[in-house]
$ cat input-v3.cif   # mmCIF, C-alpha atoms
data_coords
loop_
_atom_site.label_atom_id
_atom_site.label_comp_id
_atom_site.auth_asym_id
_atom_site.auth_seq_id
_atom_site.Cartn_x
_atom_site.Cartn_y
_atom_site.Cartn_z
CA MET A 1 153.90 112.62 151.96
CA ALA A 2 152.06 115.94 152.15
CA LEU A 3 149.91 116.63 155.16
CA LYS A 4 146.40 118.03 155.30
CA SER A 5 145.27 120.54 157.86
CA MET A 6 144.76 119.14 161.33
CA GLN A 7 141.84 116.71 161.64
CA ILE A 8 139.96 116.58 164.93
CA PHE A 9 139.47 113.21 166.62
CA GLY A 10 137.62 113.60 169.89
CA ARG A 11 139.66 116.29 171.64
CA ILE A 12 142.90 115.21 169.96
CA SER A 13 144.26 117.01 166.90
CA ILE A 14 146.10 114.73 164.47
CA ALA A 15 147.83 115.65 161.23
CA MET A 16 146.66 113.03 158.72
CA PRO A 17 148.45 112.37 155.42
CA THR A 18 146.58 113.14 152.25
CA SER A 19 145.91 109.90 150.45
CA ASP A 20 143.17 108.32 148.39
CA LYS A 21 144.06 105.21 150.36
CA PHE A 22 141.41 106.12 152.92
CA GLU A 23 138.85 105.08 150.30
CA SER A 24 140.10 101.56 150.92
CA TYR A 25 139.30 101.83 154.63
CA PRO A 26 135.94 100.75 156.05
CA PRO A 27 133.97 104.01 156.47
CA LEU A 28 134.12 103.78 160.27
CA PHE A 29 137.92 104.19 160.17
CA ARG A 30 138.17 107.13 157.79
CA PRO A 31 139.02 110.67 158.96
CA ASN A 32 136.15 113.00 159.85
CA GLN A 33 133.78 110.20 160.81
CA THR A 34 131.36 110.70 163.70
CA VAL A 35 132.62 107.66 165.59
CA ASP A 36 134.16 108.47 168.98
CA HIS A 37 137.93 108.41 168.43
CA GLY A 38 138.98 108.79 172.00
CA GLU A 39 137.11 111.46 173.92
CA ASN A 40 135.25 108.91 176.05
CA PRO A 41 137.53 107.84 178.94
CA THR A 42 135.96 104.38 178.95
CA ASN A 43 137.23 103.98 175.41
CA LYS A 44 140.89 103.68 176.36
CA LEU A 45 142.94 100.51 176.35
CA PRO A 46 141.68 97.89 178.80
CA LYS A 47 143.30 98.18 182.19
CA SER A 48 144.36 94.56 182.06
CA ALA A 49 146.57 95.40 179.09
CA SER A 50 147.57 99.05 179.25
CA ASP A 51 148.66 99.04 182.89
CA TYR A 52 151.50 96.65 182.10
CA LYS A 53 154.67 98.49 181.27
CA LEU A 54 156.42 97.28 178.15
CA GLU A 55 159.67 96.18 179.71
CA SER A 56 163.20 96.32 178.39
CA GLN A 57 163.77 93.17 176.42
CA SER A 58 167.45 92.68 177.16
CA ASP A 59 166.60 89.63 179.26
CA TYR A 60 163.75 88.43 177.06
CA VAL A 61 164.55 87.13 173.61
CA LEU A 62 161.91 85.08 171.84
CA PRO A 63 163.26 81.52 171.57
CA VAL A 64 164.46 80.39 168.15
CA ILE A 65 163.82 76.91 166.76
CA ASP A 66 165.71 75.66 163.71
CA PHE A 67 163.21 73.61 161.70
CA GLU A 68 165.98 71.55 160.15
CA HIS A 69 167.03 70.38 163.62
CA ILE A 70 163.72 70.32 165.47
CA ASN A 71 163.40 67.67 168.19
CA PRO A 72 161.46 67.09 171.42
CA GLN A 73 164.37 68.26 173.53
CA ASN A 74 164.74 71.73 172.02
CA LEU A 75 160.97 72.22 171.66
CA SER A 76 159.88 71.02 175.12
CA GLU A 77 161.03 73.92 177.28
CA VAL A 78 159.92 76.53 174.75
CA CYS A 79 156.38 75.13 174.66
CA ARG A 80 156.18 74.97 178.44
CA GLU A 81 157.66 78.38 179.20
CA TRP A 82 156.64 80.55 176.22
CA GLY A 83 154.12 78.87 173.95
CA MET A 84 155.67 80.94 171.15
CA PHE A 85 158.91 80.78 169.18
CA ARG A 86 160.63 82.06 166.07
CA LEU A 87 161.11 79.48 163.31
CA ILE A 88 164.16 79.59 161.02
CA ASN A 89 165.19 77.41 158.08
CA HIS A 90 161.50 76.70 157.47
CA GLY A 91 161.83 76.09 153.75
CA VAL A 92 159.16 78.55 152.60
CA PRO A 93 160.63 80.36 149.56
CA ASP A 94 161.52 83.99 150.19
CA LYS A 95 160.06 84.93 146.79
CA LEU A 96 156.69 83.48 147.82
CA LEU A 97 156.71 85.41 151.12
CA LYS A 98 157.44 88.67 149.30
CA GLN A 99 154.76 88.04 146.65
CA LEU A 100 152.16 87.41 149.33
CA ILE A 101 152.87 90.74 151.04
CA ASP A 102 152.96 92.65 147.74
CA GLN A 103 149.70 91.23 146.41
CA ALA A 104 147.93 91.56 149.76
CA ASN A 105 148.85 95.26 149.77
CA GLN A 106 147.43 95.64 146.25
CA LEU A 107 144.17 93.93 147.13
CA PHE A 108 143.62 95.77 150.39
CA SER A 109 144.28 99.06 148.58
CA LEU A 110 141.11 98.55 146.54
CA SER A 111 138.14 100.63 147.61
CA PHE A 112 136.16 99.29 150.53
CA GLU A 113 133.10 98.88 148.33
CA SER A 114 135.11 96.94 145.73
CA LYS A 115 136.41 94.54 148.36
CA GLN A 116 132.92 93.91 149.65
CA ALA A 117 131.73 93.14 146.13
CA LEU A 118 134.74 91.09 144.97
CA PHE A 119 135.36 88.82 147.92
CA ASN A 120 132.93 86.06 148.70
CA SER A 121 133.31 82.32 149.20
CA PRO A 122 135.92 81.01 149.71
CA LEU A 123 137.78 84.32 150.25
CA LEU A 124 135.56 86.06 152.80
CA TYR A 125 136.20 89.74 153.51
CA PHE A 126 135.69 91.05 157.05
CA TRP A 127 136.59 94.12 159.06
CA GLY A 128 136.43 95.59 162.56
CA THR A 129 136.91 92.35 164.49
CA PRO A 130 138.63 88.99 163.97
CA ALA A 131 135.49 87.25 165.31
CA LEU A 132 133.64 86.46 162.09
CA ILE A 133 130.29 86.05 163.84
CA LEU A 134 130.55 89.74 164.76
CA ALA A 135 132.53 91.10 161.81
CA GLY A 136 131.36 93.94 159.59
CA ASN A 137 127.60 93.71 159.86
CA ALA A 138 127.50 93.88 163.65
CA LEU A 139 129.66 96.99 163.67
CA GLN A 140 127.76 98.66 160.86
CA THR A 141 124.59 98.60 162.93
CA ASP A 142 126.19 100.93 165.48
CA PRO A 143 128.40 103.76 164.13
CA HIS A 144 129.45 104.57 167.69
CA ALA A 145 130.61 101.04 168.51
CA GLN A 146 133.49 101.25 170.97
CA ASN A 147 135.05 97.82 170.70
CA HIS A 148 136.07 97.72 167.06
CA ASN A 149 139.55 96.60 166.06
CA TRP A 150 141.49 98.64 163.52
CA LEU A 151 141.79 95.89 160.98
CA GLU A 152 140.33 94.29 157.91
CA GLY A 153 141.04 90.86 156.52
CA LEU A 154 140.31 87.81 154.44
CA ASN A 155 139.31 84.43 155.82
CA VAL A 156 140.55 81.61 153.57
CA PRO A 157 139.65 77.91 154.14
CA LEU A 158 142.52 76.16 152.39
CA ILE A 159 140.54 73.05 151.48
CA LYS A 160 138.38 75.15 149.13
CA LEU A 161 141.15 76.94 147.24
CA SER A 162 141.92 74.17 144.74
CA GLU A 163 138.49 74.59 143.14
CA PHE A 164 138.45 78.39 143.27
CA GLN A 165 138.30 80.24 139.94
CA CYS A 166 138.03 84.00 139.53
CA GLU A 167 137.96 86.20 136.43
CA ASP A 168 139.95 88.88 138.25
CA GLN A 169 143.59 88.05 137.51
CA LEU A 170 144.98 89.59 140.70
CA ILE A 171 142.57 87.67 142.93
CA GLN A 172 143.24 84.44 141.02
CA SER A 173 147.00 84.95 141.32
CA PHE A 174 146.69 85.70 145.02
CA SER A 175 144.56 82.59 145.52
CA SER A 176 147.26 80.46 143.86
CA LEU A 177 149.91 81.97 146.11
CA LEU A 178 147.76 81.28 149.18
CA GLU A 179 147.34 77.66 148.15
CA GLU A 180 151.09 77.21 147.71
CA TYR A 181 151.76 78.96 151.01
CA GLY A 182 149.10 76.86 152.76
CA ASN A 183 150.79 73.67 151.62
CA HIS A 184 154.03 74.85 153.22
CA GLN A 185 152.24 75.78 156.42
CA THR A 186 150.59 72.36 156.65
CA ARG A 187 153.99 70.73 156.18
CA LEU A 188 155.46 72.80 159.01
CA ALA A 189 152.48 72.31 161.34
CA LYS A 190 152.52 68.52 160.97
CA THR A 191 156.21 68.28 161.82
CA ILE A 192 155.91 70.68 164.76
CA PHE A 193 152.88 68.86 166.13
CA ASN A 194 154.43 65.41 165.74
CA THR A 195 157.49 66.62 167.63
CA MET A 196 155.30 67.95 170.46
CA ALA A 197 153.28 64.70 170.47
CA GLU A 198 156.51 62.77 170.91
CA ASP A 199 157.53 64.99 173.81
CA LEU A 200 154.13 64.50 175.47
CA ASN A 201 154.02 60.75 174.76
CA PHE A 202 150.72 60.90 172.90
CA PRO A 203 149.51 57.48 171.70
CA PRO A 204 149.32 57.18 167.88
CA THR A 205 145.51 57.40 167.85
CA LYS A 206 145.62 60.82 169.55
CA SER A 207 148.38 62.09 167.28
CA GLU A 208 146.31 61.17 164.24
CA SER A 209 143.06 62.81 165.40
CA TYR A 210 144.40 65.82 167.29
CA LEU A 211 145.70 67.56 164.14
CA SER A 212 143.63 67.64 160.95
CA PRO A 213 145.11 69.37 157.86
CA PRO A 214 141.66 69.79 156.20
CA THR A 215 140.74 72.18 159.04
CA GLY A 216 143.56 74.57 158.18
CA PHE A 217 142.73 78.10 157.14
CA LEU A 218 144.51 81.39 156.58
CA ARG A 219 143.68 84.83 157.91
CA VAL A 220 145.17 87.69 155.91
CA TYR A 221 145.12 90.87 158.01
CA ARG A 222 145.70 94.51 157.23
CA TYR A 223 146.00 96.59 160.39
CA LEU A 224 144.96 100.14 159.59
CA ARG A 225 146.66 103.41 160.44
CA CYS A 226 145.06 104.82 163.53
CA PRO A 227 145.23 108.48 164.63
CA ILE A 228 145.02 107.49 168.31
CA ALA A 229 147.14 104.36 168.21
CA GLU A 230 147.73 104.44 171.97
CA GLN A 231 144.00 104.08 172.58
CA ARG A 232 143.05 101.44 170.04
CA TRP A 233 144.00 97.86 169.23
CA GLY A 234 144.69 95.93 166.09
CA ILE A 235 143.64 92.89 168.14
CA GLU A 236 143.24 92.92 171.93
CA GLU A 237 145.06 90.46 174.16
CA HIS A 238 143.86 86.92 173.51
CA THR A 239 144.88 83.34 173.00
CA ASP A 240 144.25 81.46 169.77
CA SER A 241 141.74 78.60 169.72
CA SER A 242 143.90 76.52 167.40
CA VAL A 243 146.30 73.65 167.99
CA VAL A 244 149.09 75.61 166.29
CA THR A 245 149.25 79.03 164.64
CA ILE A 246 152.01 80.09 162.24
CA LEU A 247 152.48 83.78 161.40
CA HIS A 248 154.17 85.55 158.50
CA GLN A 249 154.38 89.33 158.96
CA ASP A 250 155.79 92.31 157.14
CA GLN A 251 158.47 94.53 158.68
CA VAL A 252 156.19 97.08 160.40
CA GLY A 253 155.84 95.32 163.76
CA GLY A 254 153.14 95.50 166.40
CA LEU A 255 152.83 91.93 167.69
CA GLN A 256 153.42 91.51 171.44
CA VAL A 257 153.52 88.42 173.66
CA TYR A 258 152.79 88.25 177.40
CA LYS A 259 155.56 86.64 179.44
CA ASP A 260 156.32 86.85 183.18
CA ASN A 261 153.75 89.63 183.73
CA LYS A 262 155.29 91.73 180.96
CA TRP A 263 154.34 92.58 177.40
CA LEU A 264 157.23 92.01 175.00
CA ASP A 265 157.59 93.13 171.39
CA VAL A 266 157.94 90.33 168.85
CA GLU A 267 160.16 92.08 166.35
CA PRO A 268 159.77 91.18 162.67
CA ILE A 269 162.91 89.53 161.30
CA HIS A 270 163.26 88.78 157.62
CA ASP A 271 162.80 85.15 156.52
CA THR A 272 161.52 83.94 159.89
CA LEU A 273 158.06 82.80 160.93
CA ILE A 274 156.39 83.06 164.33
CA VAL A 275 154.78 79.93 165.80
CA ASN A 276 152.44 80.05 168.77
CA LEU A 277 150.47 77.33 170.50
CA GLY A 278 146.72 77.62 170.87
CA ASP A 279 144.10 76.59 173.40
CA MET A 280 143.64 73.12 171.91
CA MET A 281 147.33 72.33 172.37
CA GLN A 282 147.28 73.53 175.98
CA ALA A 283 144.28 71.31 176.77
CA MET A 284 145.77 68.32 174.96
CA SER A 285 148.96 68.69 177.00
CA ASN A 286 146.99 68.89 180.27
CA ASP A 287 148.28 72.43 180.76
CA GLU A 288 151.93 71.36 180.46
CA TYR A 289 152.21 73.56 177.37
CA VAL A 290 150.89 77.13 177.35
CA SER A 291 148.65 78.84 174.85
CA ALA A 292 150.50 82.11 174.25
CA LYS A 293 148.67 85.28 175.19
CA HIS A 294 149.38 87.95 172.59
CA ARG A 295 148.01 91.16 171.11
CA VAL A 296 148.60 93.53 168.19
CA ARG A 297 149.15 97.26 168.47
CA VAL A 298 148.28 99.60 165.63
CA ASN A 299 150.49 102.27 164.12
CA MET A 300 149.73 105.94 163.47
CA GLU A 301 151.83 106.13 160.30
CA GLN A 302 151.97 102.66 158.74
CA GLU A 303 149.66 99.81 157.91
CA ARG A 304 150.73 96.27 158.72
CA ILE A 305 150.15 93.05 156.77
CA SER A 306 150.25 89.59 158.33
CA PHE A 307 149.26 86.05 157.38
CA GLY A 308 148.07 83.71 160.11
CA TYR A 309 147.74 79.96 159.54
CA PHE A 310 145.48 78.11 161.99
CA ILE A 311 144.99 74.36 162.27
CA PHE A 312 142.62 72.37 164.52
CA PRO A 313 141.72 68.85 165.67
CA GLY A 314 139.76 66.55 163.42
CA GLU A 315 135.98 66.66 163.44
CA GLY A 316 134.63 64.65 166.35
CA SER A 317 138.06 64.22 167.91
CA VAL A 318 137.56 64.21 171.70
CA ILE A 319 140.22 66.02 173.72
CA GLU A 320 140.85 64.07 176.91
CA SER A 321 143.18 65.11 179.70
CA PRO A 322 142.90 64.91 183.51
CA LYS A 323 142.32 68.64 184.07
CA TYR A 324 139.50 68.97 181.53
CA LYS A 325 136.07 67.58 180.86
CA PRO A 326 136.14 65.67 177.55
CA PHE A 327 135.25 68.02 174.70
CA THR A 328 135.58 68.42 170.95
CA PHE A 329 136.66 71.50 169.09
CA ASP A 330 133.06 71.92 167.92
CA ASP A 331 132.02 72.06 171.60
CA PHE A 332 134.70 74.65 172.25
CA ARG A 333 133.80 76.79 169.23
CA ALA A 334 130.07 76.74 170.03
CA GLN A 335 130.74 77.80 173.63
CA LYS A 336 133.15 80.53 172.50
CA GLU A 337 130.59 81.98 170.08
CA LEU A 338 127.90 81.87 172.75
CA ASP A 339 130.18 83.68 175.20
CA LEU A 340 131.01 86.34 172.62
CA LYS A 341 127.32 86.99 172.05
CA THR A 342 126.27 86.95 175.72
CA THR A 343 129.29 88.38 177.56
CA GLY A 344 131.23 90.13 174.79
CA ILE A 345 134.43 88.19 175.54
CA LYS A 346 135.99 84.85 174.76
CA ILE A 347 136.25 82.78 177.95
CA GLY A 348 137.78 79.72 176.34
CA LEU A 349 139.46 76.91 178.26
CA PRO A 350 138.06 77.76 181.74
CA ARG A 351 134.65 76.69 180.42
CA PHE A 352 135.99 73.15 180.18
CA ARG A 353 138.64 73.03 182.91
CA ILE A 354 137.48 70.99 185.90
CA GLY A 355 136.95 73.18 188.97
CA ASP A 356 136.79 76.52 187.16
CA GLU A 357 133.03 76.58 186.59
CA GLN A 358 132.04 78.43 189.78
CA GLU A 359 134.35 81.38 188.95
CA LEU A 360 132.94 82.04 185.47
CA PRO A 361 130.52 84.80 184.47
CA MET A 362 126.90 83.72 184.09
CA GLU A 363 125.34 83.60 180.63
CA ASP A 364 122.27 85.75 179.96
#
$ encode --input "input-v3.cif" --output "structure tokens"
Amino acid sequence: MALKSMQIFGRISIAMPTSDKFESYPPLFRPNQTVDHGENPTNKLPKSASDYKLESQSDYVLPVIDFEHINPQNLSEVCREWGMFRLINHGVPDKLLKQLIDQANQLFSLSFESKQALFNSPLLYFWGTPALILAGNALQTDPHAQNHNWLEGLNVPLIKLSEFQCEDQLIQSFSSLLEEYGNHQTRLAKTIFNTMAEDLNFPPTKSESYLSPPTGFLRVYRYLRCPIAEQRWGIEEHTDSSVVTILHQDQVGGLQVYKDNKWLDVEPIHDTLIVNLGDMMQAMSNDEYVSAKHRVRVNMEQERISFGYFIFPGEGSVIESPKYKPFTFDDFRAQKELDLKTTGIKIGLPRFRIGDEQELPMED
């Protein structure tokens, strides 16, 4: 691809490819914008993340679980030590996985203005942060916002897709693919959760209320090319709030997991899915299982597409374990959103863990 003359980002000169594709980017992420792209030293990667060296992975291989032979014995150690694993023989058709990536690329390549106009309920378009309460509008109010993520995406509640109709053929086709894919993800999540519940000796009443398929939703992400990829994130380090998350990604890479004080690349491998446990699963297990801390790096030359499936406890289901005050997912979500608004960060499980209260930041 031909290159333009050097574009100036802060004090860094970057050769950017010529492409109308930048019209598909939110304006804040296009070349020649006034947003600070790296000159401010406080704008670099957070010390808690960037100071960790990405270690050689010869001794760290993400565990692999064969879905056709899943059982409490082979899942137990993985959930306790990693909270993340690679799933093979999952039964999701390869053709479907390819179609999802292809059509997502087509849709995200539309102009930014078109995406804002086309996507509304139930396919909600957002950009700049995965936190929907802050997405898009919050960033647009401040063109010099420093904490934006180099991403855009679609939020898709699966329960609403069956009634969705759209005159745009591409969007309607994509919606049908998402519904089919969501059915597969629900199938996988139920089996994985039931296997974990057996390992943890959950009583049947907990197993039934702790995982609710109607809560499942998809996040379709496009991580944008970034001229200062070493100083920006696709998504910063975090844990998911879900019970279980299942990820389908293209072959670009960028996902990393935190293990033994090291950040490790989670390499994309064809026809595999990535499963990670979320905060709800860690609390349900009384901290026997771990909610995997992970992050996404951006790329200077390539965009990245991924599909995340998230599933949660049933409405009103009370999570009860010795290390935590009883709480529902609604309690957790409300506290998380309050923390994001008042402190700028997700605090998560420590808000509910017994004995952690005195160490937490005060709310405004």
$ residues_around --input "input-v3.cif" --residues "A:Glu230" --least-positions-apart "2" --cutoff "9 Å" --atoms "only C-alpha atoms" --output "VMD selection string"
chain A and resid 44 to 45 226 to 228 232 to 233 297 to 300
$ write_last_selection --input "input-v3.cif" --atoms "C-alpha atoms" --output "PDB file, in the frame of the given file"
ATOM      1  CA  LYS A  44     140.890 103.680 176.360  1.00  0.00           C
ATOM      2  CA  LEU A  45     142.940 100.510 176.350  1.00  0.00           C
ATOM      3  CA  CYS A 226     145.060 104.820 163.530  1.00  0.00           C
ATOM      4  CA  PRO A 227     145.230 108.480 164.630  1.00  0.00           C
ATOM      5  CA  ILE A 228     145.020 107.490 168.310  1.00  0.00           C
ATOM      6  CA  ARG A 232     143.050 101.440 170.040  1.00  0.00           C
ATOM      7  CA  TRP A 233     144.000  97.860 169.230  1.00  0.00           C
ATOM      8  CA  ARG A 297     149.150  97.260 168.470  1.00  0.00           C
ATOM      9  CA  VAL A 298     148.280  99.600 165.630  1.00  0.00           C
ATOM     10  CA  ASN A 299     150.490 102.270 164.120  1.00  0.00           C
ATOM     11  CA  MET A 300     149.730 105.940 163.470  1.00  0.00           C
TER      12      MET A 300
END
$ atom_distance --input "input-v3.cif" --atom1 "atom CA of A:Ser114" --atom2 "atom CA of A:Gln172"
15.6 Å
$ closest_residue --input "input-v3.cif" --among "A:Ser209, A:Ser242, A:Asn261, A:Asn276" --to "A:Glu320" --atoms "only C-alpha atoms"
A:Ser209
$ resolve_selection --input "input-v3.cif" --expression "the PyMOL selection byres ((chain A and resi 253) around 7)" --output "PyMOL selection string"
chain A and resi 251-252+254-255+267-268
$ closest_residue --input "input-v3.cif" --among "A:Val318, A:Glu113, A:Asp102, A:Leu218" --to "A:Leu161" --atoms "only C-alpha atoms"
A:Leu218
$ axis_aligned_box --input "input-v3.cif" --around "stretch 271-277 of chain A" --padding-each-side "4 Å" --output "AutoDock Vina command-line options"
--center_x 156.6 --center_y 81.2 --center_z 163.5 --size_x 20.3 --size_y 15.8 --size_z 22.0
$ residues_around --input "input-v3.cif" --residues "stretch 304-309 of chain A" --least-positions-apart "6" --cutoff "8 Å" --atoms "only C-alpha atoms" --output "PyMOL selection string"
chain A and resi 101+104-105+182+185+216-224+245-253
$ write_last_selection --input "input-v3.cif" --atoms "C-alpha atoms" --output "PDB file, in the coordinates of the input"
ATOM      1  CA  ILE A 101     152.870  90.740 151.040  1.00  0.00           C
ATOM      2  CA  ALA A 104     147.930  91.560 149.760  1.00  0.00           C
ATOM      3  CA  ASN A 105     148.850  95.260 149.770  1.00  0.00           C
ATOM      4  CA  GLY A 182     149.100  76.860 152.760  1.00  0.00           C
ATOM      5  CA  GLN A 185     152.240  75.780 156.420  1.00  0.00           C
ATOM      6  CA  GLY A 216     143.560  74.570 158.180  1.00  0.00           C
ATOM      7  CA  PHE A 217     142.730  78.100 157.140  1.00  0.00           C
ATOM      8  CA  LEU A 218     144.510  81.390 156.580  1.00  0.00           C
ATOM      9  CA  ARG A 219     143.680  84.830 157.910  1.00  0.00           C
ATOM     10  CA  VAL A 220     145.170  87.690 155.910  1.00  0.00           C
ATOM     11  CA  TYR A 221     145.120  90.870 158.010  1.00  0.00           C
ATOM     12  CA  ARG A 222     145.700  94.510 157.230  1.00  0.00           C
ATOM     13  CA  TYR A 223     146.000  96.590 160.390  1.00  0.00           C
ATOM     14  CA  LEU A 224     144.960 100.140 159.590  1.00  0.00           C
ATOM     15  CA  THR A 245     149.250  79.030 164.640  1.00  0.00           C
ATOM     16  CA  ILE A 246     152.010  80.090 162.240  1.00  0.00           C
ATOM     17  CA  LEU A 247     152.480  83.780 161.400  1.00  0.00           C
ATOM     18  CA  HIS A 248     154.170  85.550 158.500  1.00  0.00           C
ATOM     19  CA  GLN A 249     154.380  89.330 158.960  1.00  0.00           C
ATOM     20  CA  ASP A 250     155.790  92.310 157.140  1.00  0.00           C
ATOM     21  CA  GLN A 251     158.470  94.530 158.680  1.00  0.00           C
ATOM     22  CA  VAL A 252     156.190  97.080 160.400  1.00  0.00           C
ATOM     23  CA  GLY A 253     155.840  95.320 163.760  1.00  0.00           C
TER      24      GLY A 253
END
$ atom_distance --input "input-v3.cif" --atom1 "atom CA of A:Pro322" --atom2 "atom CA of A:Arg80"
17.4 Å
$ resolve_selection --input "input-v3.cif" --expression "the PyMOL selection byres ((chain A and resi 181) around 10)" --output "list in words"
Val92, Pro93, Leu96, Leu97, Leu100, Leu158, Ser175, Ser176, Leu177, Leu178, Glu179, Glu180, Gly182, Asn183, His184, Gln185, Thr186, Arg187, Leu218, Phe307 and Tyr309 of chain A
$ atom_distance --input "input-v3.cif" --atom1 "atom CA of A:Pro204" --atom2 "atom CA of A:Gly91"
26.7 Å
$ resolve_selection --input "input-v3.cif" --expression "the PyMOL selection byres ((chain A and resi 82) around 10)" --output "PyMOL selection string"
chain A and resi 62-63+77-81+83-85+257-260+276-277+289-293
$ write_last_selection --input "input-v3.cif" --atoms "C-alpha atoms" --output "PDB file, in the frame of the given file"
ATOM      1  CA  LEU A  62     161.910  85.080 171.840  1.00  0.00           C
ATOM      2  CA  PRO A  63     163.260  81.520 171.570  1.00  0.00           C
ATOM      3  CA  GLU A  77     161.030  73.920 177.280  1.00  0.00           C
ATOM      4  CA  VAL A  78     159.920  76.530 174.750  1.00  0.00           C
ATOM      5  CA  CYS A  79     156.380  75.130 174.660  1.00  0.00           C
ATOM      6  CA  ARG A  80     156.180  74.970 178.440  1.00  0.00           C
ATOM      7  CA  GLU A  81     157.660  78.380 179.200  1.00  0.00           C
ATOM      8  CA  GLY A  83     154.120  78.870 173.950  1.00  0.00           C
ATOM      9  CA  MET A  84     155.670  80.940 171.150  1.00  0.00           C
ATOM     10  CA  PHE A  85     158.910  80.780 169.180  1.00  0.00           C
ATOM     11  CA  VAL A 257     153.520  88.420 173.660  1.00  0.00           C
ATOM     12  CA  TYR A 258     152.790  88.250 177.400  1.00  0.00           C
ATOM     13  CA  LYS A 259     155.560  86.640 179.440  1.00  0.00           C
ATOM     14  CA  ASP A 260     156.320  86.850 183.180  1.00  0.00           C
ATOM     15  CA  ASN A 276     152.440  80.050 168.770  1.00  0.00           C
ATOM     16  CA  LEU A 277     150.470  77.330 170.500  1.00  0.00           C
ATOM     17  CA  TYR A 289     152.210  73.560 177.370  1.00  0.00           C
ATOM     18  CA  VAL A 290     150.890  77.130 177.350  1.00  0.00           C
ATOM     19  CA  SER A 291     148.650  78.840 174.850  1.00  0.00           C
ATOM     20  CA  ALA A 292     150.500  82.110 174.250  1.00  0.00           C
ATOM     21  CA  LYS A 293     148.670  85.280 175.190  1.00  0.00           C
TER      22      LYS A 293
END
$ residues_near_point --input "input-v3.cif" --point "(137.3, 68.4, 166.5)" --cutoff "8 Å" --atoms "only C-alpha atoms" --output "list of chain:residue names"
A:Tyr210, A:Phe312, A:Pro313, A:Gly314, A:Glu315, A:Gly316, A:Ser317, A:Val318, A:Thr328, A:Phe329, A:Asp330
$ closest_residue --input "input-v3.cif" --among "A:Ser162, A:Met196, A:Ala229, A:Ser212" --to "A:Glu303" --atoms "all atoms listed in the file"
A:Ala229
$ closest_residue --input "input-v3.cif" --among "A:Arg353, A:Ala131, A:Glu288, A:His238" --to "A:Leu338" --atoms "only C-alpha atoms"
A:Ala131
$ decode --input "input-v3.cif" --residues "stretch 117-121 of chain A" --atoms "all heavy atoms" --output "CSV table (one decimal), in the first residue's frame"
chain,number,residue,atom,x,y,z
A,117,ALA,N,-25.6,6.2,12.1
A,117,ALA,CA,-27.0,6.3,11.6
A,117,ALA,C,-27.7,4.9,11.5
A,117,ALA,O,-28.9,4.8,11.8
A,117,ALA,CB,-27.1,7.0,10.3
A,118,LEU,N,-26.9,3.9,11.1
A,118,LEU,CA,-27.5,2.6,10.8
A,118,LEU,C,-27.8,1.8,12.0
A,118,LEU,O,-28.8,1.1,12.1
A,118,LEU,CB,-26.6,1.8,9.9
A,118,LEU,CG,-26.6,2.2,8.4
A,118,LEU,CD1,-25.5,1.5,7.7
A,118,LEU,CD2,-27.9,1.8,7.8
A,119,PHE,N,-26.9,1.9,13.0
A,119,PHE,CA,-26.9,1.0,14.1
A,119,PHE,C,-27.7,1.6,15.3
A,119,PHE,O,-27.2,2.6,15.9
A,119,PHE,CB,-25.5,0.5,14.5
A,119,PHE,CG,-24.9,-0.3,13.5
A,119,PHE,CD1,-23.7,0.1,12.8
A,119,PHE,CD2,-25.4,-1.6,13.2
A,119,PHE,CE1,-23.1,-0.7,11.9
A,119,PHE,CE2,-24.7,-2.4,12.2
A,119,PHE,CZ,-23.6,-1.9,11.6
A,120,ASN,N,-28.8,1.0,15.6
A,120,ASN,CA,-29.5,1.4,16.9
A,120,ASN,C,-30.0,0.0,17.4
A,120,ASN,O,-29.5,-1.0,17.1
A,120,ASN,CB,-30.6,2.4,16.6
A,120,ASN,CG,-31.4,2.0,15.4
A,120,ASN,OD1,-31.9,0.8,15.3
A,120,ASN,ND2,-31.6,2.9,14.4
A,121,SER,N,-31.0,0.1,18.3
A,121,SER,CA,-31.4,-1.1,19.0
A,121,SER,C,-31.9,-2.2,18.0
A,121,SER,O,-32.6,-1.9,17.0
A,121,SER,CB,-32.6,-0.8,19.9
A,121,SER,OG,-33.0,-1.9,20.6
